[in-house]
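Colleague: Supplied in structure tokens, the structure appears directly below.
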Amino acid sequence: MSYQTEEQQIEQLKEWWKDNGTPLIVGAVLGLSGFFGYRYWTEGQIAIQESASEAYTQVSEQIENKDTAKLVEAAQAVKTQFPKTSYAILSALQLAKAAVDEKNLDKAMTELTWVVDNHSNNELVEIAKIRLARILIAQEKADQALPLLTFENESGYFEFASMIKGDALLSLGKKAEALEAYRAAESAGKTTASHPTMKLQIEALAMGEVAAPAPTSETTATEIEETGIEPAKDTATETKEPAEEATE
Amino acid sequence: MVMDSIREGVKKPWAKILIFVIVISFVGAGYFTSAFLSGDPYAAAVVNGESVRKDDFDRAYSRTRQQYGEAFKQFVKTDEQERNFRENVLQDLISRTVTLQAAQDLGMRVSTAQIRKTIREIPAIQLEGVYSEEMLDRALLNLNMSREKFKQSIVSDLVLGQLISGISSSEFLLPQETESSFQLQGQLRSGRALPIKYSLFDAGLEITDEEIDTFYQAKQELYRIEEKVSVDYLELTLDSLQTDIEVSEQGITDFYEENIERYKTEEQKRVSHILVASESDDAEKKAIALKARLTAGEAFAEVVKESSDEFSAGEGGDLGFLVSGDMEESFEDAVKLLQVVGDISEPVKTSFGYHIIKLTELTEGETQPLDDVKEQIVIALKKQGAEEAFYEKSRVLEEKSFEITDSLVDVSKQINVEIKTSPLFGRRAATGVFANQEVKDAAFGENVVVAKMNSSVISIGENHVLVLRINTHKPSEIKPIDDVRTQVVASLKSTKAKVAATAFGDTLKEKLSKSEDVSELIALKGLAWKDLDKIARTSAALPYLQLQQFFKMVNPADGVATIEAMPDNSEYVVLVLNAIEAGNVESADKASVSQATQRLTRFYSDANYSSLIAQQRSEADVTLNLDNISR
């Protein structure tokens with residue numbers, strides 16, 4: 001190590017600054033502007049979210065008051081003013097429900113489609129998707145409902161979506177696949193266990209495959225004309241549904 | 001020198017990387033801090049880096065327990081049930097936390113104005129219908145909750161409320177969903193049933209001796225009498241020892257004097273306070289200035305009113321009588337120093353700010369006289385004596401019954417407990433203390449039954465032990481045929497009747513399937529068809545098992561009835577299904593339709609919400625610290 005005078009040291013400092021000054025300043029400016037920029041941006045977001053939340057309280061109040069006209073008005077306002085927030089989604093869900101209550105399924109579909117199209121990364125979109133699928137099934141467009149109901153087995157929505165998938169497939173007349181979907185829902189967990197008739201539906205569909213024998217003897221129904229047995233009613237529209245008592 | 005090394009250093013690639021990392025960490029400062037704090041060892045659980053604190057758990061636990069009320073004691077008895085209960089409370093808390101985190105991720109938040117409005121509307125912190133800052137202050141002191149924490153819990157409730165009610169109140173039920181569900185649930189089936197009682201075929205059945213013998217040989221196990229024992233035993237309980245304990249007057253006096261602290265009631269102090277909230281920077285100075293004014297002789301009530309903090313102002317800052325443990329330690333220490341009514345403390349710091357405390361009322365402590373507590377002391381002394389005796393005697397019992405293993409007589413004398421003899425009991429029909437599994441295992445064990453030794457000391461419950469040895473042993477045996485002949489005959493008859501009834505039913509089924517007339521056959525046996533006209537799943541027209549089967553039978557296609565025959569408890573039954581009618585919302589009774597609608601509505605709104613939670617839980621990183629929530 002060499003001994004240096006003060007002047008030499010200053011000289012060296014200047015030289016070092018010449019070499020490295022620019023990148024250091026650029027680095028500091030970048031870092032600080034990034035930091036403040038991020039803060040500025042988040043503060044802006046927070047302000048928007050708070051305003052949206054406050055606007056949404058109007059919707060909440062009308063939910064409690066059960067005043068549909070005012071509810072629709074308030075929800076529409078949130079959706080227009082804060083379209084990018086989750087509050088807009090919650091408002092759209094309310095608008096969809098109001099439309100279903102008025103039997104206007106097309107309008108309900110428009111609202112839910114808006115959520116699915118504009119908020120594909122939002123956590124709430126899955127709820128909108130499943131609801132949209134239900135409406136599509138009711139409108140006999142079950143084939144369009146199916147793509148909305150695809151979830152990974154690990155997803156929290158898998159069980160519920162599988163059940164709706166069963167409904168869609170059944171409405172398309174695909175009984176075997178419907179049975180499979182219902183069974184997937186049944187074995188996935190417990191959400192659908194509280195559905196009043198899914199178990200009956202599974203049994204009815206399963207009976208279509210194999211007729212259940214009586215506890216002891218096998219029975220094959222052959223023709224009966226006497227003994228006053230009436231011919232069965234028109235059964236063309238009926239699924240085969242001898243099923244077990246709901247286990248409640 | 002320094003510069004040298006810096007200049008050299010910066011040229012090296014690792015130094016450039018280091019500078020880059022520093023710059024980046026500035027940008028990401030906010031993000032990283034939360035992630036680094038995840039390993040909180042005192043938390044009940046850590047959810048995505050956020051602690052579920054032990055005191056939050058405790059609050060949730062006691063709230064849930066209160067909700068259960070009396071039922072809690074019925075459902076939660078064992079340690080394991082208590083553990084499960086605690087874990088359930090924790091799981092609920094975790095679900096709440098992930099949902100709240102989801103709401104935050106969704107950008108759901110509430111403004112300061114919303115928070116203020118909500119707080120002002122809480123009835124518990126209103127005075128005669130108007131929001132009172134002082135009530136809030138007191139409520140927070142009682143809850144041992146800081147204002148910030150209280151505010152946070154309000155924010156959480158509001159945001160969760162928005163999310164949950166937003167999802168559930170927007171749920172709908174489509175008419176077609178109700179219809180298709182009701183088609184199954186409200187299904188109606190028509191047909192008829194022919195019950196054939198087994199007893200109808202009893203009459204005139206002949207049973208030969210040979211049949212009886214074959215049946216008896218084959219089914220011997222049915223007539224087995226189980227192994228039984230009677231035991232001699234020595235039983236020690238705390239209660240039985242208690243009666244023998246003598247308590248002397250001297251003993252009572254001594255106990256009273258030694259434990260005099262127990263019979264004193266504490267003095268009680270009522271205080272008022274001036275609070276200078278710590279939010280202002282000069283809080284300490286302000287508190288000292290206020291104290292100076294009090295020392296100078298200004299009235300406490302006046303200073304309270306003037307003090308800038310409005311929470312303390314109402315009712316002269318009165319906090320009521322203090323209960324030990326209510327306040328933070330520094331506050332309580334300061335109160336201890338106040339001995340005479342009117343004493344005023346120096347400013348004390350707590351997490352709320354600086355307090356100046358005045359003692360406004362003092363109730364002296366009292367000592368209960370000996371006569372008042374005598375009974376209590378006698379009970380305590382007897383219990384104490386009995387415990388000592390129990391300990392000593394069970395020690396002797398253990399030692400001696402092991403030492404002299406072929407008799408209980410000596411040890412009975414030594415511990416002065418009489419040998420008792422049990423009645424004969426079997427494994428299944430044991431009662432009282434002999435129903436205890438360990439006692440049964442010992443009484444029927446090889447050591448006792450075969451080797452005829454004393455059993456080891458069995459602990460039956462707290463302060464209750466027992467040693468036993470065999471008195472009488474009756475091995476398992478089969479009852480002789482003459483004792484069971486009537487039973488055998490009855491069994492044989494009922495089996496034969498059942499076979500005959502089944503054969504008859506099957507013939508009927510066969511003939512019906514071939515469309516033959518069976519009315520004569522039926523009339524001959526005096527049987528009658530039961531008409532089933534549009535019966536529902538809940539109908540009482542058929543016994544349970546038959547109704548189940550009736551609703552499992554396949555749809556009669558092309559006008560061909562479905563026919564089945566099945567055994568039930570006391571009869572064989574032929575079931576004929578003619579028609580299935582799907583449930584119809586239009587024509588069904590209103591009550592059952594509205595019940596079905598309600599159940600479906602509830603299902604859909606639950607399903608959405610629980611799917612959302614399940615999804616959040618499946619993505620969450622959760623660490624449970626179950627040790628931190630055990631008792």
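Residues in the structure tokens are named by chain (A, B, ... in the order shown) and by number from 1 within that chain; ligands are numbered from 1 in the order shown.
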Tell me, as a PyMOL selection string, which residues lie within 9 Å of B:Ile125, counting only C-alpha atoms; anything in the same chain fewer than 6 positions away does not count.

Modeller: chain B and resi 119+131-139

Colleague: Give me a file of those residues, with C-alpha atoms, as a compact mmCIF listing (two decimals), in the first residue's frame.

Modeller:
# COMPACT_ATOMS: atom_id res chain seq x y z
CA ILE B 119 -68.16 3.22 15.02
CA TYR B 131 -72.15 8.18 20.43
CA SER B 132 -69.83 8.81 23.36
CA GLU B 133 -66.06 8.98 23.09
CA GLU B 134 -65.83 8.26 26.77
CA MET B 135 -67.82 5.06 26.41
CA LEU B 136 -65.49 4.00 23.62
CA ASP B 137 -62.50 4.72 25.78
CA ARG B 138 -63.90 2.64 28.63
CA ALA B 139 -64.92 -0.18 26.36

Colleague: Per DSSP on the backbone, filter stretch 382-555 of chain B down to the residues in alpha helix (DSSP H) and report them as number ranges by chain.

Modeller: B: 382-403, 409-415, 437-443, 446-449, 481-513, 519-524, 544-550

Colleague: Show me which bits of chain B are within 6 Å of chain A, counting only C-alpha atoms, as number ranges by chain.

Modeller: B: 23, 27, 106, 109-111, 166, 170, 172, 181, 513, 515, 548, 551-555, 559-560, 562, 564, 578-579, 603, 607, 611, 614-615

Colleague: Print the selection's residues with N, CA, C and O atoms to a file, as a short mmCIF file (atom, residue, chain, number, x, y, z; two decimals), in the first residue's frame.

Modeller:
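Here's the written file again-v2.cif:
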data_model
loop_
_atom_site.label_atom_id
_atom_site.label_comp_id
_atom_site.auth_asym_id
_atom_site.auth_seq_id
_atom_site.Cartn_x
_atom_site.Cartn_y
_atom_site.Cartn_z
N VAL B 23 -30.51 -1.25 -5.09
CA VAL B 23 -31.49 -0.41 -5.78
C VAL B 23 -32.85 -1.09 -5.84
O VAL B 23 -33.88 -0.52 -5.51
N VAL B 27 -36.94 -0.30 -4.22
CA VAL B 27 -38.21 -0.31 -4.92
C VAL B 27 -39.19 -1.26 -4.26
O VAL B 27 -40.36 -0.97 -4.09
N LEU B 106 -58.52 -8.29 -3.53
CA LEU B 106 -59.51 -7.83 -4.49
C LEU B 106 -59.61 -6.31 -4.49
O LEU B 106 -60.42 -5.74 -5.20
N ARG B 109 -61.71 -2.17 0.28
CA ARG B 109 -61.30 -1.42 1.47
C ARG B 109 -62.39 -0.43 1.84
O ARG B 109 -63.34 -0.25 1.07
N VAL B 110 -62.26 0.19 3.01
CA VAL B 110 -63.26 1.17 3.41
C VAL B 110 -62.57 2.48 3.75
O VAL B 110 -61.43 2.49 4.22
N SER B 111 -63.24 3.57 3.52
CA SER B 111 -62.66 4.88 3.78
C SER B 111 -62.79 5.24 5.25
O SER B 111 -63.57 4.65 5.99
N GLY B 166 -72.19 -9.51 -0.43
CA GLY B 166 -72.20 -9.25 -1.87
C GLY B 166 -72.41 -10.52 -2.66
O GLY B 166 -73.16 -10.55 -3.64
N SER B 170 -76.53 -11.76 -3.90
CA SER B 170 -76.75 -11.69 -5.35
C SER B 170 -77.07 -13.07 -5.92
O SER B 170 -77.16 -13.25 -7.12
N PHE B 172 -79.13 -16.28 -7.07
CA PHE B 172 -80.48 -16.44 -7.63
C PHE B 172 -80.79 -17.92 -7.81
O PHE B 172 -79.91 -18.77 -7.71
N SER B 181 -85.17 -30.24 -9.83
CA SER B 181 -84.93 -30.84 -8.52
C SER B 181 -86.23 -31.41 -7.95
O SER B 181 -86.24 -32.49 -7.37
N SER B 513 -96.26 -62.17 -13.21
CA SER B 513 -95.40 -61.85 -14.35
C SER B 513 -95.90 -62.51 -15.62
O SER B 513 -95.67 -62.01 -16.71
N SER B 515 -99.00 -62.92 -16.20
CA SER B 515 -100.36 -62.40 -16.38
C SER B 515 -101.43 -63.41 -16.00
O SER B 515 -102.52 -63.41 -16.56
N GLN B 548 -88.70 -47.75 0.67
CA GLN B 548 -87.38 -47.57 0.07
C GLN B 548 -87.28 -48.36 -1.24
O GLN B 548 -86.85 -47.86 -2.26
N PHE B 551 -89.39 -47.14 -4.16
CA PHE B 551 -88.82 -46.00 -4.87
C PHE B 551 -87.51 -46.33 -5.58
O PHE B 551 -86.90 -45.48 -6.20
N LYS B 552 -87.05 -47.58 -5.43
CA LYS B 552 -85.84 -48.00 -6.16
C LYS B 552 -86.19 -48.79 -7.40
O LYS B 552 -85.34 -49.05 -8.24
N MET B 553 -87.46 -49.21 -7.51
CA MET B 553 -87.84 -50.09 -8.63
C MET B 553 -87.78 -49.33 -9.95
O MET B 553 -88.05 -48.13 -10.00
N VAL B 554 -87.40 -50.06 -11.01
CA VAL B 554 -87.23 -49.39 -12.31
C VAL B 554 -88.58 -48.98 -12.91
O VAL B 554 -89.60 -49.57 -12.65
N ASN B 555 -88.48 -47.97 -13.72
CA ASN B 555 -89.65 -47.38 -14.35
C ASN B 555 -90.39 -48.43 -15.19
O ASN B 555 -89.79 -49.10 -16.00
N GLY B 559 -96.01 -49.70 -20.50
CA GLY B 559 -97.20 -50.22 -19.85
C GLY B 559 -97.02 -51.54 -19.12
O GLY B 559 -97.97 -52.16 -18.70
N VAL B 560 -95.78 -51.98 -19.00
CA VAL B 560 -95.53 -53.24 -18.28
C VAL B 560 -95.12 -52.93 -16.85
O VAL B 560 -94.11 -52.27 -16.64
N THR B 562 -93.66 -53.13 -13.11
CA THR B 562 -92.48 -53.74 -12.50
C THR B 562 -92.92 -54.48 -11.25
O THR B 562 -93.65 -53.93 -10.42
N GLU B 564 -91.76 -56.85 -7.88
CA GLU B 564 -90.68 -57.37 -7.04
C GLU B 564 -91.27 -57.98 -5.78
O GLU B 564 -92.37 -57.63 -5.37
N ASN B 578 -96.85 -49.55 -11.00
CA ASN B 578 -97.55 -49.32 -12.27
C ASN B 578 -97.09 -48.06 -12.98
O ASN B 578 -97.03 -48.01 -14.19
N ALA B 579 -96.83 -47.02 -12.21
CA ALA B 579 -96.54 -45.74 -12.86
C ALA B 579 -95.69 -44.84 -11.99
O ALA B 579 -95.79 -44.86 -10.77
N PHE B 603 -78.68 -23.80 -0.63
CA PHE B 603 -77.57 -24.58 -1.19
C PHE B 603 -76.71 -23.73 -2.11
O PHE B 603 -75.50 -23.68 -1.99
N ALA B 607 -72.88 -22.75 -1.55
CA ALA B 607 -71.91 -23.39 -2.43
C ALA B 607 -70.94 -22.37 -3.00
O ALA B 607 -69.73 -22.61 -3.06
N SER B 611 -67.09 -22.44 -1.88
CA SER B 611 -66.11 -22.68 -2.94
C SER B 611 -65.02 -21.60 -2.90
O SER B 611 -63.84 -21.89 -3.06
N ALA B 614 -62.81 -22.40 -0.02
CA ALA B 614 -62.01 -23.59 -0.32
C ALA B 614 -60.87 -23.22 -1.27
O ALA B 614 -59.74 -23.69 -1.12
N GLN B 615 -61.18 -22.36 -2.24
CA GLN B 615 -60.16 -21.95 -3.20
C GLN B 615 -59.04 -21.17 -2.49
O GLN B 615 -57.86 -21.44 -2.69
#

Colleague: Show which residues sit within 12 Å of B:Asn625, as a VMD selection string. Count only C-alpha atoms, and ignore same-chain residues fewer than 5 positions away.

Modeller: chain B and resid 39 to 47 51 to 54 57 86 to 87 90 to 91 630

Colleague: So that I have them on file, write out the residues from the current selection with N, CA, C and O atoms, as a PDB file, in the first residue's frame.

Modeller:
ATOM      1  N   GLY B  39     -42.242 -16.034  10.434  1.00  0.00           N
ATOM      2  CA  GLY B  39     -42.026 -17.108  11.408  1.00  0.00           C
ATOM      3  C   GLY B  39     -42.328 -16.730  12.841  1.00  0.00           C
ATOM      4  O   GLY B  39     -41.468 -16.853  13.692  1.00  0.00           O
ATOM      5  N   ASP B  40     -43.550 -16.303  13.125  1.00  0.00           N
ATOM      6  CA  ASP B  40     -43.882 -15.874  14.477  1.00  0.00           C
ATOM      7  C   ASP B  40     -44.144 -17.083  15.377  1.00  0.00           C
ATOM      8  O   ASP B  40     -45.151 -17.759  15.226  1.00  0.00           O
ATOM      9  N   PRO B  41     -43.251 -17.383  16.334  1.00  0.00           N
ATOM     10  CA  PRO B  41     -43.416 -18.606  17.122  1.00  0.00           C
ATOM     11  C   PRO B  41     -44.521 -18.498  18.171  1.00  0.00           C
ATOM     12  O   PRO B  41     -44.950 -19.498  18.718  1.00  0.00           O
ATOM     13  N   TYR B  42     -45.005 -17.289  18.452  1.00  0.00           N
ATOM     14  CA  TYR B  42     -46.031 -17.155  19.490  1.00  0.00           C
ATOM     15  C   TYR B  42     -47.426 -17.097  18.890  1.00  0.00           C
ATOM     16  O   TYR B  42     -48.416 -16.997  19.603  1.00  0.00           O
ATOM     17  N   ALA B  43     -47.514 -17.150  17.559  1.00  0.00           N
ATOM     18  CA  ALA B  43     -48.820 -17.066  16.921  1.00  0.00           C
ATOM     19  C   ALA B  43     -49.524 -18.416  17.009  1.00  0.00           C
ATOM     20  O   ALA B  43     -48.878 -19.456  17.107  1.00  0.00           O
ATOM     21  N   ALA B  44     -50.866 -18.401  16.982  1.00  0.00           N
ATOM     22  CA  ALA B  44     -51.623 -19.651  16.964  1.00  0.00           C
ATOM     23  C   ALA B  44     -51.481 -20.313  15.599  1.00  0.00           C
ATOM     24  O   ALA B  44     -51.484 -21.519  15.474  1.00  0.00           O
ATOM     25  N   ALA B  45     -51.362 -19.480  14.579  1.00  0.00           N
ATOM     26  CA  ALA B  45     -51.147 -19.986  13.222  1.00  0.00           C
ATOM     27  C   ALA B  45     -50.565 -18.857  12.391  1.00  0.00           C
ATOM     28  O   ALA B  45     -50.703 -17.691  12.740  1.00  0.00           O
ATOM     29  N   VAL B  46     -49.874 -19.234  11.317  1.00  0.00           N
ATOM     30  CA  VAL B  46     -49.371 -18.219  10.395  1.00  0.00           C
ATOM     31  C   VAL B  46     -49.988 -18.505   9.025  1.00  0.00           C
ATOM     32  O   VAL B  46     -49.890 -19.612   8.513  1.00  0.00           O
ATOM     33  N   VAL B  47     -50.714 -17.518   8.493  1.00  0.00           N
ATOM     34  CA  VAL B  47     -51.460 -17.701   7.254  1.00  0.00           C
ATOM     35  C   VAL B  47     -50.899 -16.757   6.200  1.00  0.00           C
ATOM     36  O   VAL B  47     -51.028 -15.546   6.325  1.00  0.00           O
ATOM     37  N   SER B  51     -49.785 -13.442  10.995  1.00  0.00           N
ATOM     38  CA  SER B  51     -50.008 -14.203  12.225  1.00  0.00           C
ATOM     39  C   SER B  51     -51.460 -14.150  12.654  1.00  0.00           C
ATOM     40  O   SER B  51     -52.081 -13.105  12.606  1.00  0.00           O
ATOM     41  N   VAL B  52     -51.976 -15.326  13.076  1.00  0.00           N
ATOM     42  CA  VAL B  52     -53.241 -15.333  13.802  1.00  0.00           C
ATOM     43  C   VAL B  52     -52.817 -15.355  15.260  1.00  0.00           C
ATOM     44  O   VAL B  52     -52.283 -16.337  15.746  1.00  0.00           O
ATOM     45  N   ARG B  53     -53.001 -14.227  15.945  1.00  0.00           N
ATOM     46  CA  ARG B  53     -52.408 -14.107  17.271  1.00  0.00           C
ATOM     47  C   ARG B  53     -53.146 -14.898  18.326  1.00  0.00           C
ATOM     48  O   ARG B  53     -54.335 -15.161  18.218  1.00  0.00           O
ATOM     49  N   LYS B  54     -52.367 -15.278  19.354  1.00  0.00           N
ATOM     50  CA  LYS B  54     -52.923 -16.072  20.449  1.00  0.00           C
ATOM     51  C   LYS B  54     -54.114 -15.352  21.091  1.00  0.00           C
ATOM     52  O   LYS B  54     -55.121 -15.974  21.407  1.00  0.00           O
ATOM     53  N   PHE B  57     -57.133 -15.684  19.059  1.00  0.00           N
ATOM     54  CA  PHE B  57     -57.691 -17.030  19.216  1.00  0.00           C
ATOM     55  C   PHE B  57     -58.505 -17.114  20.505  1.00  0.00           C
ATOM     56  O   PHE B  57     -59.628 -17.615  20.507  1.00  0.00           O
ATOM     57  N   ARG B  86     -60.998 -26.773  19.974  1.00  0.00           N
ATOM     58  CA  ARG B  86     -60.043 -25.669  19.829  1.00  0.00           C
ATOM     59  C   ARG B  86     -59.518 -25.597  18.402  1.00  0.00           C
ATOM     60  O   ARG B  86     -59.379 -24.518  17.843  1.00  0.00           O
ATOM     61  N   GLU B  87     -59.252 -26.768  17.834  1.00  0.00           N
ATOM     62  CA  GLU B  87     -58.718 -26.741  16.473  1.00  0.00           C
ATOM     63  C   GLU B  87     -59.769 -26.223  15.484  1.00  0.00           C
ATOM     64  O   GLU B  87     -59.441 -25.481  14.565  1.00  0.00           O
ATOM     65  N   LEU B  90     -59.835 -22.571  15.627  1.00  0.00           N
ATOM     66  CA  LEU B  90     -58.668 -22.041  14.915  1.00  0.00           C
ATOM     67  C   LEU B  90     -58.865 -22.116  13.398  1.00  0.00           C
ATOM     68  O   LEU B  90     -58.557 -21.169  12.677  1.00  0.00           O
ATOM     69  N   GLN B  91     -59.424 -23.247  12.935  1.00  0.00           N
ATOM     70  CA  GLN B  91     -59.652 -23.391  11.492  1.00  0.00           C
ATOM     71  C   GLN B  91     -60.621 -22.317  10.986  1.00  0.00           C
ATOM     72  O   GLN B  91     -60.425 -21.761   9.911  1.00  0.00           O
ATOM     73  N   SER B 630     -53.217 -24.973  23.102  1.00  0.00           N
ATOM     74  CA  SER B 630     -53.703 -25.965  24.056  1.00  0.00           C
ATOM     75  C   SER B 630     -53.865 -25.288  25.405  1.00  0.00           C
ATOM     76  O   SER B 630     -53.321 -24.231  25.650  1.00  0.00           O
TER      77      SER B 630
END

Colleague: With DSSP run on the backbone, what are the strand (DSSP E or B) residues within stretch 135-375 of chain B? I'd like them as number ranges by chain.

Modeller: B: 188-197, 224-225, 228-237, 264-265, 268-277, 318-321, 344, 348-350, 353-363, 366-367

Colleague: Interatomic distance between atom CA of A:Leu205 and atom CA of A:Leu169?

Modeller: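 It comes out at 12.1 Å.
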
Colleague: Need to verify the contact set: B:Gly526, 12 Å, only C-alpha atoms, exclusion of same-chain residues closer than 3 positions in sequence. Can you return it as a list of chain:residue names?

Modeller: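 In the requested form, the answer reads B:Leu194, B:Pro195, B:Ile196, B:Lys197, B:Leu200, B:Phe201, B:Ser519, B:Glu520, B:Leu521, B:Ile522, B:Ala523, B:Trp529.
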
Colleague: Excluding A:Lys141 and its own-chain neighbours fewer than 4 positions away, which residues fall within 9 Å of it when counting only C-alpha atoms? Please give them as a PyMOL selection string.

Modeller: chain A and resi 133+135-137+145+168+171-172

Colleague: For stretch 502-508 of chain B, find every residue with an atom within 7 Å (counting only C-alpha atoms), except residues of its own chain fewer than 2 positions away, and show them as a ChimeraX atom specification.

Modeller: /B:498-500,510-512,518,565,572-574

Colleague: Can you measure atom CA of B:Thr99 to atom CA of B:Ile613 for me? One decimal in Å is fine.

Modeller: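 The value is 6.3 Å.
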
Colleague: With a distance cut-off of 10 Å and only C-alpha atoms, select the neighbouring residues of B:Arg189, excluding the residue or stretch itself and same-chain residues fewer than 6 positions from it, and output the selection as a VMD selection string.

Modeller: (chain A and resid 242) or (chain B and resid 532 to 537 550 to 551 555 577 to 583)

Colleague: Restricting the output to N, CA, C and O atoms, write the selected residues as a compact mmCIF listing (two decimals), in the first residue's frame.

Modeller:
# COMPACT_ATOMS: atom_id res chain seq x y z
N PRO A 242 -86.05 -44.62 -10.32
CA PRO A 242 -86.33 -45.21 -9.03
C PRO A 242 -85.14 -44.88 -8.15
O PRO A 242 -84.00 -45.15 -8.53
N LEU B 532 -101.75 -48.43 -3.74
CA LEU B 532 -100.83 -47.32 -3.54
C LEU B 532 -101.09 -46.30 -4.64
O LEU B 532 -100.76 -46.53 -5.80
N ASP B 533 -101.77 -45.22 -4.26
CA ASP B 533 -102.15 -44.26 -5.28
C ASP B 533 -101.32 -42.99 -5.14
O ASP B 533 -101.47 -42.22 -4.20
N LYS B 534 -100.40 -42.78 -6.08
CA LYS B 534 -99.54 -41.59 -6.10
C LYS B 534 -98.94 -41.31 -4.73
O LYS B 534 -99.18 -40.27 -4.13
N ILE B 535 -98.16 -42.25 -4.24
CA ILE B 535 -97.54 -42.02 -2.93
C ILE B 535 -96.20 -41.31 -3.12
O ILE B 535 -95.50 -41.50 -4.11
N ALA B 536 -95.86 -40.48 -2.11
CA ALA B 536 -94.61 -39.70 -2.16
C ALA B 536 -93.52 -40.40 -1.38
O ALA B 536 -93.76 -41.39 -0.68
N ARG B 537 -92.30 -39.87 -1.49
CA ARG B 537 -91.15 -40.46 -0.78
C ARG B 537 -91.33 -40.46 0.73
O ARG B 537 -90.68 -41.20 1.45
N PHE B 550 -89.72 -49.63 -3.02
CA PHE B 550 -90.71 -49.18 -4.00
C PHE B 550 -90.16 -48.02 -4.82
O PHE B 550 -90.42 -47.91 -6.01
N PHE B 551 -89.39 -47.14 -4.16
CA PHE B 551 -88.82 -46.00 -4.87
C PHE B 551 -87.51 -46.33 -5.58
O PHE B 551 -86.90 -45.48 -6.20
N ASN B 555 -88.48 -47.97 -13.72
CA ASN B 555 -89.65 -47.38 -14.35
C ASN B 555 -90.39 -48.43 -15.19
O ASN B 555 -89.79 -49.10 -16.00
N LEU B 577 -95.28 -52.01 -9.25
CA LEU B 577 -95.18 -50.60 -9.60
C LEU B 577 -95.80 -50.38 -10.96
O LEU B 577 -95.36 -50.93 -11.97
N ASN B 578 -96.85 -49.55 -11.00
CA ASN B 578 -97.55 -49.32 -12.27
C ASN B 578 -97.09 -48.06 -12.98
O ASN B 578 -97.03 -48.01 -14.19
N ALA B 579 -96.83 -47.02 -12.21
CA ALA B 579 -96.54 -45.74 -12.86
C ALA B 579 -95.69 -44.84 -11.99
O ALA B 579 -95.79 -44.86 -10.77
N ILE B 580 -94.84 -44.06 -12.63
CA ILE B 580 -94.06 -43.04 -11.95
C ILE B 580 -94.46 -41.70 -12.53
O ILE B 580 -94.54 -41.52 -13.75
N GLU B 581 -94.75 -40.76 -11.64
CA GLU B 581 -95.10 -39.43 -12.11
C GLU B 581 -94.07 -38.47 -11.54
O GLU B 581 -93.83 -38.45 -10.32
N ALA B 582 -93.41 -37.72 -12.41
CA ALA B 582 -92.40 -36.77 -11.92
C ALA B 582 -93.08 -35.70 -11.08
O ALA B 582 -94.22 -35.33 -11.34
N GLY B 583 -92.35 -35.21 -10.06
CA GLY B 583 -92.89 -34.14 -9.23
C GLY B 583 -93.15 -32.93 -10.10
O GLY B 583 -92.36 -32.60 -10.97
